[in-house]
file start23.cif (mmCIF, C-alpha atoms)
data_start
loop_
_atom_site.label_atom_id
_atom_site.label_comp_id
_atom_site.auth_asym_id
_atom_site.auth_seq_id
_atom_site.Cartn_x
_atom_site.Cartn_y
_atom_site.Cartn_z
CA MET A 6 34.06 3.61 -4.45
CA SER A 7 31.83 2.38 -1.64
CA PHE A 8 32.64 5.57 0.28
CA LEU A 9 31.33 7.57 -2.72
CA PHE A 10 28.21 5.40 -2.74
CA TYR A 11 27.40 5.97 0.93
CA ALA A 12 28.29 9.69 0.91
CA GLY A 13 26.22 10.28 -2.24
CA GLY A 14 23.34 8.27 -0.85
CA ALA A 15 23.33 10.18 2.44
CA VAL A 16 23.39 13.55 0.66
CA ALA A 17 20.61 12.40 -1.67
CA LEU A 18 18.37 11.26 1.18
CA ILE A 19 18.90 14.39 3.29
CA SER A 20 18.40 16.83 0.43
CA THR A 21 15.31 14.93 -0.77
CA LEU A 22 13.91 15.21 2.75
CA PHE A 23 14.51 18.96 2.58
CA VAL A 24 12.75 19.11 -0.81
CA ILE A 25 9.52 17.75 0.62
CA LEU A 26 9.79 19.83 3.82
CA GLN A 27 10.52 23.20 2.16
CA THR A 28 7.91 25.92 1.85
CA ASN A 29 9.87 28.08 -0.58
CA VAL A 30 9.65 26.68 -4.12
CA VAL A 31 13.03 27.97 -5.29
CA HIS A 32 14.85 26.57 -2.23
CA ALA A 33 13.14 23.23 -2.79
CA LEU A 34 14.30 23.26 -6.42
CA ILE A 35 17.89 23.92 -5.38
CA TYR A 36 17.70 21.03 -2.91
CA LEU A 37 16.27 18.85 -5.68
CA VAL A 38 19.23 19.75 -7.92
CA LEU A 39 21.56 18.79 -5.05
CA SER A 40 19.71 15.49 -4.61
CA LEU A 41 19.95 14.68 -8.32
CA LEU A 42 23.67 15.50 -8.38
CA ALA A 43 24.16 13.22 -5.35
CA VAL A 44 22.31 10.43 -7.19
CA ALA A 45 24.67 11.08 -10.13
CA VAL A 46 27.59 10.48 -7.74
CA VAL A 47 25.90 7.22 -6.65
CA PHE A 48 25.63 6.19 -10.31
CA PHE A 49 29.31 6.93 -10.77
CA SER A 50 30.20 4.82 -7.72
CA LEU A 51 28.10 1.97 -9.16
CA GLY A 52 30.30 1.95 -12.26
CA ALA A 53 27.91 3.74 -14.63
CA PRO A 54 29.76 6.93 -15.66
CA PHE A 55 27.69 7.55 -18.81
CA VAL A 56 24.42 7.50 -16.90
CA ALA A 57 25.96 9.63 -14.14
CA LEU A 58 26.88 12.32 -16.69
CA LEU A 59 23.44 12.16 -18.29
CA GLU A 60 21.82 12.49 -14.87
CA ALA A 61 23.88 15.61 -14.17
CA ILE A 62 23.35 17.14 -17.63
CA VAL A 63 19.75 16.23 -18.46
CA TYR A 64 18.11 15.86 -15.04
CA ALA A 65 19.97 18.38 -12.89
CA GLY A 66 20.63 20.63 -15.87
CA ALA A 67 17.83 20.71 -18.39
CA ILE A 68 14.78 19.51 -16.46
CA MET A 69 15.52 21.56 -13.36
CA VAL A 70 16.12 24.68 -15.47
CA LEU A 71 12.69 24.06 -17.02
CA PHE A 72 11.23 23.95 -13.51
CA LEU A 73 13.09 27.11 -12.56
CA PHE A 74 11.78 28.98 -15.62
CA VAL A 75 8.19 28.05 -14.81
CA VAL A 76 8.58 28.95 -11.13
CA MET A 77 9.96 32.35 -12.12
CA MET A 78 7.18 32.80 -14.69
CA LEU A 79 4.52 32.06 -12.06
CA ASN A 80 6.24 34.51 -9.70
CA LEU A 81 5.34 32.57 -6.55
CA GLY A 82 6.38 35.07 -3.92
CA GLN A 83 5.87 35.74 -0.24
CA THR A 84 2.09 35.18 -0.23
CA THR A 85 2.44 31.65 -1.59
CA ARG A 86 5.01 30.88 1.07
CA GLU A 87 2.64 31.86 3.85
CA GLN A 88 -0.17 29.93 2.17
CA GLU A 89 2.18 26.94 1.93
CA LYS A 90 2.81 27.12 5.67
CA ALA A 91 -0.93 27.28 6.30
CA TRP A 92 -1.45 24.22 4.05
CA LEU A 93 1.06 22.12 5.93
CA PRO A 94 0.08 21.74 9.58
CA PRO A 95 1.87 18.78 11.25
CA ARG A 96 -1.19 16.55 11.17
CA VAL A 97 -1.30 16.29 7.35
CA TRP A 98 2.07 14.52 7.45
CA LEU A 99 0.77 11.70 9.65
CA ILE A 100 -1.10 9.48 7.19
CA PRO A 101 1.35 9.87 4.23
CA VAL A 102 4.28 9.06 6.49
CA VAL A 103 2.51 5.96 7.84
CA LEU A 104 1.62 4.84 4.29
CA ALA A 105 5.17 5.40 3.06
CA THR A 106 6.58 3.51 6.05
CA VAL A 107 4.29 0.57 5.29
CA LEU A 108 5.45 0.65 1.65
CA LEU A 109 9.09 0.90 2.68
CA SER A 110 8.86 -1.99 5.14
CA GLY A 111 7.10 -4.07 2.50
CA LEU A 112 9.91 -3.35 0.07
CA LEU A 113 12.60 -3.98 2.70
CA SER A 114 11.26 -7.43 3.51
CA SER A 115 11.60 -8.50 -0.12
CA PHE A 116 15.25 -7.64 -0.70
CA PRO A 117 17.65 -10.39 -1.67
CA ALA A 118 20.90 -10.31 0.31
CA ASN A 119 23.71 -10.14 -2.19
CA SER A 120 26.65 -7.98 -2.99
CA ILE A 121 27.61 -6.06 -6.09
CA GLU A 122 31.04 -6.53 -7.57
CA VAL A 123 31.35 -3.06 -9.05
CA THR A 124 32.26 -3.48 -12.69
CA GLU A 125 32.31 -0.46 -14.90
CA VAL A 126 29.74 -0.59 -17.69
CA GLY A 127 30.97 2.25 -19.85
CA VAL A 128 29.81 4.31 -22.80
CA MET A 129 30.90 1.67 -25.32
CA GLU A 130 28.56 -1.05 -24.08
CA VAL A 131 25.60 1.30 -23.60
CA SER A 132 25.91 2.94 -27.01
CA GLY A 133 26.53 -0.44 -28.64
CA LEU A 134 23.17 -1.59 -27.32
CA LEU A 135 21.49 1.74 -28.14
CA PHE A 136 22.49 1.52 -31.80
CA GLY A 137 21.99 -2.24 -31.95
CA PRO A 138 19.02 -4.08 -30.46
CA TYR A 139 17.44 -1.02 -28.86
CA VAL A 140 17.37 1.24 -31.94
CA LEU A 141 13.58 0.99 -32.07
CA ALA A 142 13.36 2.14 -28.45
CA VAL A 143 15.48 5.18 -29.35
CA GLU A 144 13.08 6.00 -32.18
CA LEU A 145 10.11 5.61 -29.85
CA ALA A 146 11.80 7.88 -27.30
CA SER A 147 12.19 10.54 -29.97
CA PHE A 148 8.49 10.19 -30.83
CA LEU A 149 7.69 10.58 -27.14
CA LEU A 150 9.77 13.76 -26.93
CA LEU A 151 8.08 15.12 -30.06
CA ALA A 152 4.67 14.40 -28.57
CA GLY A 153 5.74 16.10 -25.34
CA LEU A 154 6.99 19.12 -27.25
CA ILE A 155 3.82 19.53 -29.29
CA SER A 156 1.47 19.02 -26.34
CA ALA A 157 3.46 21.39 -24.13
CA TYR A 158 3.29 24.03 -26.86
CA HIS A 159 -0.41 23.49 -27.34
CA LEU A 160 -1.30 23.41 -23.64
CA ALA A 161 0.72 26.45 -22.62
CA LYS A 162 -0.50 28.56 -25.52
CA SER A 163 -2.45 31.58 -24.36
CA ARG A 164 -5.68 32.20 -26.13
CA MET B 13 37.20 -2.61 -7.19
CA ASP B 14 35.35 -3.15 -3.93
CA THR B 15 31.84 -4.39 -3.36
CA ILE B 16 28.66 -2.60 -2.35
CA PRO B 17 25.85 -4.68 -0.81
CA PHE B 18 23.05 -5.08 -3.36
CA GLU B 19 20.37 -4.41 -0.75
CA HIS B 20 21.94 -1.07 0.19
CA GLY B 21 21.40 0.17 -3.36
CA LEU B 22 17.82 -1.07 -3.27
CA LEU B 23 17.37 0.47 0.20
CA LEU B 24 18.50 3.88 -1.05
CA ALA B 25 16.15 3.68 -4.03
CA SER B 26 13.21 2.58 -1.85
CA ALA B 27 13.84 5.34 0.68
CA LEU B 28 13.94 7.95 -2.11
CA PHE B 29 10.74 6.49 -3.58
CA ALA B 30 9.00 6.60 -0.17
CA LEU B 31 10.08 10.22 0.33
CA GLY B 32 8.66 11.08 -3.09
CA LEU B 33 5.41 9.31 -2.17
CA VAL B 34 5.15 11.36 1.04
CA GLY B 35 5.67 14.52 -1.03
CA VAL B 36 3.01 13.58 -3.59
CA THR B 37 0.41 12.72 -0.96
CA THR B 38 1.10 15.63 1.40
CA ARG B 39 1.59 18.66 -0.80
CA ARG B 40 -1.17 20.87 -2.14
CA ASN B 41 1.09 23.04 -4.29
CA ILE B 42 1.13 21.41 -7.73
CA VAL B 43 4.76 22.40 -8.37
CA PHE B 44 5.83 20.38 -5.32
CA VAL B 45 3.70 17.45 -6.46
CA LEU B 46 5.48 17.45 -9.82
CA MET B 47 8.87 17.67 -8.09
CA SER B 48 8.00 14.70 -5.88
CA LEU B 49 6.99 12.75 -8.99
CA GLU B 50 10.47 13.52 -10.36
CA ILE B 51 11.99 12.11 -7.16
CA MET B 52 9.97 8.90 -7.57
CA LEU B 53 10.94 8.51 -11.24
CA ASN B 54 14.57 9.08 -10.34
CA ALA B 55 14.38 6.41 -7.61
CA THR B 56 12.98 3.96 -10.17
CA GLY B 57 15.87 4.74 -12.48
CA LEU B 58 18.28 4.15 -9.61
CA VAL B 59 16.94 0.59 -9.21
CA PHE B 60 17.60 -0.05 -12.91
CA VAL B 61 21.16 1.23 -12.66
CA VAL B 62 21.80 -0.82 -9.49
CA GLY B 63 20.54 -3.91 -11.33
CA SER B 64 22.67 -3.07 -14.35
CA SER B 65 25.71 -2.79 -12.11
CA LYS B 66 24.87 -6.04 -10.28
CA TRP B 67 24.66 -8.19 -13.38
CA GLY B 68 27.20 -6.22 -15.41
CA HIS B 69 24.76 -5.60 -18.26
CA ALA B 70 24.15 -2.29 -20.00
CA ASP B 71 20.42 -3.03 -20.42
CA GLY B 72 19.53 -1.41 -17.11
CA GLN B 73 21.27 1.77 -18.16
CA ILE B 74 19.26 1.76 -21.41
CA MET B 75 16.10 1.53 -19.34
CA PHE B 76 17.34 4.47 -17.28
CA LEU B 77 17.77 6.48 -20.48
CA MET B 78 14.17 5.64 -21.40
CA ILE B 79 13.01 6.80 -17.94
CA LEU B 80 15.02 10.00 -18.43
CA THR B 81 13.22 10.65 -21.74
CA LEU B 82 9.88 9.87 -20.12
CA ALA B 83 10.63 12.26 -17.26
CA ALA B 84 11.59 15.05 -19.68
CA ALA B 85 8.37 14.63 -21.70
CA GLU B 86 6.27 14.34 -18.53
CA VAL B 87 7.79 17.48 -17.02
CA ALA B 88 7.21 19.48 -20.20
CA VAL B 89 3.52 18.53 -20.32
CA GLY B 90 3.08 18.89 -16.55
CA LEU B 91 4.62 22.36 -16.46
CA ALA B 92 2.47 23.45 -19.39
CA LEU B 93 -0.59 22.27 -17.45
CA ILE B 94 0.64 24.19 -14.37
CA ILE B 95 0.96 27.37 -16.45
CA GLN B 96 -2.54 26.88 -17.82
CA LEU B 97 -3.92 26.20 -14.32
CA TYR B 98 -2.27 29.34 -12.98
CA ARG B 99 -3.61 31.39 -15.86
CA ARG B 100 -7.18 30.27 -15.32
CA PHE B 101 -7.46 30.07 -11.55
CA LYS B 102 -4.57 32.30 -10.36
CA THR B 103 -3.47 29.62 -7.92
CA VAL B 104 -1.26 26.54 -7.73
CA ASP B 105 -3.62 24.72 -5.36
CA ILE B 106 -4.50 21.29 -6.77
CA ASP B 107 -7.73 21.26 -4.76
CA VAL B 108 -9.34 23.81 -7.10
CA LEU B 109 -9.16 21.11 -9.78
CA SER B 110 -11.75 19.11 -7.83
CA GLN B 111 -14.41 21.27 -9.50
CA LEU B 112 -13.74 19.13 -12.58
CA LYS B 113 -15.85 16.41 -10.96
CA GLY B 114 -18.93 18.57 -11.61
#
call {"tool": "encode", "arguments": {"input": "start23.cif", "output": "structure tokens"}}
result
Amino acid sequence: MSFLFYAGGAVALISTLFVILQTNVVHALIYLVLSLLAVAVVFFSLGAPFVALLEAIVYAGAIMVLFLFVVMMLNLGQTTREQEKAWLPPRVWLIPVVLATVLLSGLLSSFPANSIEVTEVGVMEVSGLLFGPYVLAVELASFLLLAGLISAYHLAKSR
Amino acid sequence: MDTIPFEHGLLLASALFALGLVGVTTRRNIVFVLMSLEIMLNATGLVFVVGSSKWGHADGQIMFLMILTLAAAEVAVGLALIIQLYRRFKTVDIDVLSQLKG
């Protein structure tokens, strides 16, 4: 299990790095799908199979397909790729990388040193909570999705 | 079952979050900005799942499901805004939106 964790984590980090370095939108999307699938493997190794499946189905499946549809609709071709290269000279990376390093070192200094005994928290426990104490949160999530649906329809409508 | 150090899970999540932050602050193409936001949301969800696994509770996984829903709604609205931006300005450059400041 810990091998799965480290392998998945390494793949996730490398493919995420490629996502932010890519100039081609479709290649970046494919790397993002790879990164999300690797995070799903990490979830599985942490003993959360239900969440791992949802990550693969909803994140890497549905949301990324939504991205892909929009990218194909916009038809960002060769010209955008050259523009992208012109937008990203090496010096623009300097300040964001420094800021992110500061953030990362701040986070690293606050970690508690502990270890996880991997216990599987399966579908039963999660769905028991979802239909028990968290039923209101499920309702609110459905409201949120409805609001997202309506606003996406309204915003993308051509006039 | 073997053990995974707690801080390694947090380290992975923080590194993913920092990479997403670099993407958000560096990119000018709005599609890449939205993708980097997805990376950051996913890293946040990873922290919740690591915590859920550490304490053996399902609550963290519930929070991850909420983040998943939030990400889906956010992506739908964000992509609709991208389509509208492209229709009006024929570009995906976020800097053209600075004309909103008047």
call {"tool": "resolve_selection", "arguments": {"input": "start23.cif", "expression": "the PyMOL selection byres ((chain B and resi 15-29) around 10)", "output": "ChimeraX atom specification"}}
result
/A:6-8,10-11,14-15,17-19,21-22,40,44,47,50-51,105-106,108-110,112-113,115-124 /B:13-14,30-35,48-63,65-66
call {"tool": "closest_residue", "arguments": {"input": "start23.cif", "among": "A:Ala157, A:Ala12, A:Ala142, A:Met78", "to": "chain B", "atoms": "only C-alpha atoms"}}
result
A:Ala157
call {"tool": "closest_residue", "arguments": {"input": "start23.cif", "among": "A:Ser20, A:His32, A:Gly153, A:Lys162", "to": "chain B", "atoms": "only C-alpha atoms"}}
result
A:Gly153
call {"tool": "resolve_selection", "arguments": {"input": "start23.cif", "expression": "the PyMOL selection byres ((chain B and resi 83) around 9)", "output": "PyMOL selection string"}}
result
(chain A and resi 64+68) or (chain B and resi 50+53-54+78-82+84-88)
call {"tool": "closest_residue", "arguments": {"input": "start23.cif", "among": "B:Gln111, B:Ser64, B:Thr37, B:Thr103", "to": "Leu93 (chain A)", "atoms": "all atoms listed in the file"}}
result
B:Thr37
call {"tool": "residues_around", "arguments": {"input": "start23.cif", "residues": "Gln88 (chain A)", "least_positions_apart": "5", "cutoff": "12 Å", "atoms": "all atoms listed in the file", "output": "ChimeraX atom specification"}}
result
/A:28-29,81-83,93-94 /B:39-41,103-105
call {"tool": "resolve_selection", "arguments": {"input": "start23.cif", "expression": "the PyMOL selection byres ((chain A and resi 156) around 10)", "output": "PyMOL selection string"}}
result
(chain A and resi 150-155+157-162) or (chain B and resi 85+88-90+92-93)
call {"tool": "write_last_selection", "arguments": {"input": "start23.cif", "atoms": "C-alpha atoms", "output": "CSV table (one decimal), keeping the file's coordinate frame"}}
result
chain,number,residue,atom,x,y,z
A,150,LEU,CA,9.8,13.8,-26.9
A,151,LEU,CA,8.1,15.1,-30.1
A,152,ALA,CA,4.7,14.4,-28.6
A,153,GLY,CA,5.7,16.1,-25.3
A,154,LEU,CA,7.0,19.1,-27.2
A,155,ILE,CA,3.8,19.5,-29.3
A,157,ALA,CA,3.5,21.4,-24.1
A,158,TYR,CA,3.3,24.0,-26.9
A,159,HIS,CA,-0.4,23.5,-27.3
A,160,LEU,CA,-1.3,23.4,-23.6
A,161,ALA,CA,0.7,26.4,-22.6
A,162,LYS,CA,-0.5,28.6,-25.5
B,85,ALA,CA,8.4,14.6,-21.7
B,88,ALA,CA,7.2,19.5,-20.2
B,89,VAL,CA,3.5,18.5,-20.3
B,90,GLY,CA,3.1,18.9,-16.6
B,92,ALA,CA,2.5,23.4,-19.4
B,93,LEU,CA,-0.6,22.3,-17.4
call {"tool": "atom_distance", "arguments": {"input": "start23.cif", "atom1": "CA of Val107 (chain A)", "atom2": "CA of Phe44 (chain B)"}}
result
22.5 Å
call {"tool": "atom_distance", "arguments": {"input": "start23.cif", "atom1": "CA of Met69 (chain A)", "atom2": "CA of Val38 (chain A)"}}
result
6.8 Å
call {"tool": "closest_residue", "arguments": {"input": "start23.cif", "among": "A:Ser163, A:Phe148, A:Val46, A:Glu130", "to": "Arg100 (chain B)", "atoms": "all atoms listed in the file"}}
result
A:Ser163
call {"tool": "atom_distance", "arguments": {"input": "start23.cif", "atom1": "CA of Val131 (chain A)", "atom2": "CA of Ala70 (chain B)"}}
result
5.3 Å
call {"tool": "residues_around", "arguments": {"input": "start23.cif", "residues": "Tyr139 (chain A)", "least_positions_apart": "5", "cutoff": "12 Å", "atoms": "all atoms listed in the file", "output": "PyMOL selection string"}}
result
(chain A and resi 131-134+144-146) or (chain B and resi 70-75+77-78)
call {"tool": "closest_residue", "arguments": {"input": "start23.cif", "among": "A:Leu141, A:Val30, A:Ala91, A:Leu58", "to": "chain B", "atoms": "only C-alpha atoms"}}
result
A:Val30
call {"tool": "closest_residue", "arguments": {"input": "start23.cif", "among": "A:Met77, A:Leu39, A:Val31, A:Val102", "to": "chain B", "atoms": "all atoms listed in the file"}}
result
A:Val102
